[in-house]
Amino acid sequence: MVWEEVLAKFKELFGDEGEIGVYFAPGRVNMIGEHTDYNGGHVFPCALTIGTYGVARKREDKKLRFYSMNFENLGVLESSVEGLKPEKEADWTNYPKGVMWAFGEKGMKVEQGMDLVLFGNIPNGSGLSSSASVEVLTGFILKDMFGFDVTNQDLALIGQYSENKFNGVNCGIMDQFAIAMGKCGHAIFLDTATLKYEYAPIKLENAKIVISCSNKKRGLGDSKYNERRSECETALAQLKEAVNISALGDLTEEQFEQYKGAIKDEVCRRRAKHAVYENQRTIKAVEALKNNDVALFGELMNASHVSLRDDYEVTGIELDTLVEEAWKIEGVIGSRMTGAGFGGCTVSIVKDEAVDTFIEKVGAAYQDKIGYAADFYVVEIGDGPVKIK
Ligand code: GLA
């Protein structure tokens, strides 16, 4: 068991006295609805059975001692619950510290320190939300340890707040929500404008969800992410002069075509087009799934990728290669990039009998064209955060 190894590491580093809790929060994959969550649109993500394990113990003083088994070279990183602020040297600990800070901002000041060991089996920087997983996990631990009165939905909002305000990435609510609210065997159809949501069972008879990881690190991704967001804001501000809306997600495709002339810049017009069409595609995709029309769901996934490639321009040669090679394989129902883009992963629905061929062929073509290997994971949909022990 993974958690037992994490617990053993904790005891080795910090001793075994006192009350030690063992926790888990998942990673997530988004099936469809990309770059819609900060545009008041719909998303359709699910939590995974891979994620982040955390072992934690409350301290009597103000000290924080954090250790990650994914970054062992960094050793134990120490700080304090007083004067929490983002620091470059703090590296990954800026995520849990950001969440502690965000609790304080919401009137729940963390007064005591803690010892924490983490281990994530989500590939780092893969676009499966390892950072949101750490954020929700930290919130879940704080709630358990200090008795804060918060729901899982609150944990999602606090996680997003910390990412926006402490770590400077202007992300939407999708990742933290998918992780905090995850349900085994289901994806979450979330309206990001209202936070109304519905669980939809993912019944893929004779097919699997395969994640292909490009191993291209996101690098400049965060700044490009913020850039896309402001391009959408510009488009929205100009559209508002022509039509009474509060977000791009309010528009149907027809309305967009009618009013798009109000957007002056051609690039911003394409960004907005993606946001509007992708939102409508997500609604249609969930409808298709309800009608057991997995083939149509797959076609909408493919169309989503094309839009992210041509109009939103967040794919890049690595993700395009993975998806375009996947499309060539018989038995692939749908394939698209998932997450922010600029590297990271793709998600594909692949018939059982085609999974081995998929991994072999897409893997070989990718290695050939890109010069390094991709990794493949056949994943399962899991639950939200849990206390294991
Ligand atoms: C990242 C962000 C999310 C969402 C996706 C794109 O994962 O954290 O909020 O915007 O990109 O859909």
# chains A, B, ... in the order shown; residues from 1 in each chain; ligands from 1
>>> select_by_dssp(residues="segment 48-248 of chain A", states="alpha helix (DSSP H)", output="MDAnalysis selection string")
chainID A and resid 94:105 130:146 152:165 174:180 221:240
>>> residues_around(residues="Arg271 of chain A", least_positions_apart="6", cutoff="10 Å", atoms="only C-alpha atoms", output="list of chain:residue names")
A:His35, A:Arg228, A:Arg229, A:Glu231, A:Cys232, A:Glu233, A:Ala235, A:Ser307, A:Leu308, A:Asp310, A:Asp311, A:Tyr312, A:Glu313
>>> closest_atom_pairs(of="chain A", to="ligand 1", cutoff="10 Å", atoms="only C-alpha atoms and all ligand atoms", output="CSV")
residue,atom,partner,partner_atom_place_in_ligand_line,distance
A:Arg28,CA,ligand 1,7 (O),9.2
A:Val29,CA,ligand 1,7 (O),9.0
A:Asn30,CA,ligand 1,12 (O),7.6
A:Ile32,CA,ligand 1,12 (O),8.5
A:Gly33,CA,ligand 1,12 (O),6.5
A:Glu34,CA,ligand 1,12 (O),3.5
A:His35,CA,ligand 1,12 (O),3.5
A:Thr36,CA,ligand 1,12 (O),6.0
A:Asp37,CA,ligand 1,10 (O),5.4
A:Tyr38,CA,ligand 1,10 (O),6.2
A:Asn39,CA,ligand 1,10 (O),8.9
A:His42,CA,ligand 1,12 (O),9.9
A:Val43,CA,ligand 1,12 (O),7.7
A:Phe44,CA,ligand 1,12 (O),9.8
A:Pro45,CA,ligand 1,12 (O),9.5
A:Gly127,CA,ligand 1,7 (O),6.5
A:Leu128,CA,ligand 1,7 (O),7.7
A:Ser129,CA,ligand 1,7 (O),6.5
A:Ser130,CA,ligand 1,7 (O),9.9
A:Ser131,CA,ligand 1,8 (O),9.0
A:Ala132,CA,ligand 1,8 (O),7.7
A:Gln160,CA,ligand 1,9 (O),8.3
A:Glu163,CA,ligand 1,8 (O),8.7
A:Asn164,CA,ligand 1,8 (O),9.7
A:Val169,CA,ligand 1,8 (O),8.0
A:Asn170,CA,ligand 1,8 (O),7.8
A:Cys171,CA,ligand 1,9 (O),4.1
A:Gly172,CA,ligand 1,9 (O),3.4
A:Ile173,CA,ligand 1,9 (O),5.1
A:Met174,CA,ligand 1,9 (O),4.8
A:Asp175,CA,ligand 1,8 (O),5.5
A:Gln176,CA,ligand 1,8 (O),7.9
A:Phe177,CA,ligand 1,9 (O),9.3
A:Gly221,CA,ligand 1,11 (O),9.8
A:Asp222,CA,ligand 1,1 (C),9.1
A:Tyr225,CA,ligand 1,11 (O),7.6
A:Asn226,CA,ligand 1,10 (O),9.7
A:Arg228,CA,ligand 1,10 (O),9.8
A:Arg229,CA,ligand 1,10 (O),8.7
A:Ala275,CA,ligand 1,12 (O),9.9
A:Val314,CA,ligand 1,6 (C),9.7
A:Met337,CA,ligand 1,12 (O),9.9
A:Thr338,CA,ligand 1,12 (O),7.3
A:Gly339,CA,ligand 1,7 (O),4.3
A:Ala340,CA,ligand 1,11 (O),3.4
A:Gly341,CA,ligand 1,11 (O),7.2
>>> atom_distance(atom1="atom CA of Ile158 of chain A", atom2="atom CA of Glu19 of chain A")
25.4 Å
>>> residues_around(residues="segment 368-373 of chain A", least_positions_apart="2", cutoff="8 Å", atoms="only C-alpha atoms", output="ChimeraX atom specification")
/A:214-215,318,321,363-366,375
>>> closest_atom_pairs(of="segment 99-208 of chain A", to="segment 279-282 of chain A", cutoff="12 Å", atoms="only C-alpha atoms", output="tab-separated table")
residue	atom	partner	partner_atom	distance
A:Ile188	CA	A:Thr282	CA	11.4
A:Phe189	CA	A:Thr282	CA	8.6
A:Leu190	CA	A:Thr282	CA	10.0
A:Asp191	CA	A:Asn279	CA	9.6
A:Thr192	CA	A:Asn279	CA	10.5
A:Ala193	CA	A:Asn279	CA	11.5
>>> select_by_dssp(residues="segment 291-359 of chain A", states="strand (DSSP E or B)", output="PyMOL selection string")
chain A and resi 332-338+345-351
>>> write_last_selection(atoms="C-alpha atoms", output="PDB file, in the first residue's frame")
ATOM      1  CA  VAL A 332     -10.406   5.134 -30.472  1.00  0.00           C
ATOM      2  CA  ILE A 333     -13.785   6.671 -29.680  1.00  0.00           C
ATOM      3  CA  GLY A 334     -12.445  10.159 -28.938  1.00  0.00           C
ATOM      4  CA  SER A 335      -9.220  11.906 -28.048  1.00  0.00           C
ATOM      5  CA  ARG A 336      -8.307  15.429 -26.969  1.00  0.00           C
ATOM      6  CA  MET A 337      -5.905  17.433 -24.873  1.00  0.00           C
ATOM      7  CA  THR A 338      -7.018  17.873 -21.259  1.00  0.00           C
ATOM      8  CA  CYS A 345      -1.719  15.186 -21.125  1.00  0.00           C
ATOM      9  CA  THR A 346      -4.363  14.017 -23.527  1.00  0.00           C
ATOM     10  CA  VAL A 347      -7.424  11.963 -22.633  1.00  0.00           C
ATOM     11  CA  SER A 348      -8.757   9.266 -24.946  1.00  0.00           C
ATOM     12  CA  ILE A 349     -11.620   6.813 -24.812  1.00  0.00           C
ATOM     13  CA  VAL A 350     -10.304   3.576 -26.258  1.00  0.00           C
ATOM     14  CA  LYS A 351     -12.072   0.262 -26.829  1.00  0.00           C
TER      15      LYS A 351
END
>>> residues_around(residues="Phe66 of chain A", least_positions_apart="4", cutoff="6 Å", atoms="only C-alpha atoms", output="PyMOL selection string")
chain A and resi 76-77+115-117
>>> write_last_selection(atoms="N, CA, C and O atoms", output="short mmCIF file (atom, residue, chain, number, x, y, z; two decimals), in the first residue's frame")
data_model
loop_
_atom_site.label_atom_id
_atom_site.label_comp_id
_atom_site.auth_asym_id
_atom_site.auth_seq_id
_atom_site.Cartn_x
_atom_site.Cartn_y
_atom_site.Cartn_z
N VAL A 76 13.65 18.41 4.17
CA VAL A 76 12.54 18.96 4.97
C VAL A 76 12.58 20.49 4.83
O VAL A 76 13.60 21.12 5.10
N LEU A 77 11.47 21.07 4.37
CA LEU A 77 11.40 22.53 4.23
C LEU A 77 10.65 23.09 5.43
O LEU A 77 9.51 22.72 5.69
N ASP A 115 3.57 18.92 11.05
CA ASP A 115 4.53 18.15 10.29
C ASP A 115 3.75 17.43 9.21
O ASP A 115 2.66 16.91 9.47
N LEU A 116 4.31 17.43 8.00
CA LEU A 116 3.55 16.88 6.87
C LEU A 116 4.49 16.18 5.89
O LEU A 116 5.52 16.74 5.51
N VAL A 117 4.11 14.96 5.51
CA VAL A 117 4.84 14.27 4.43
C VAL A 117 3.85 13.96 3.33
O VAL A 117 2.76 13.45 3.58
#
>>> closest_residue(among="A:Tyr277, A:Val99, A:Gly185, A:Asn244", to="Ile209 of chain A", atoms="only C-alpha atoms")
A:Gly185
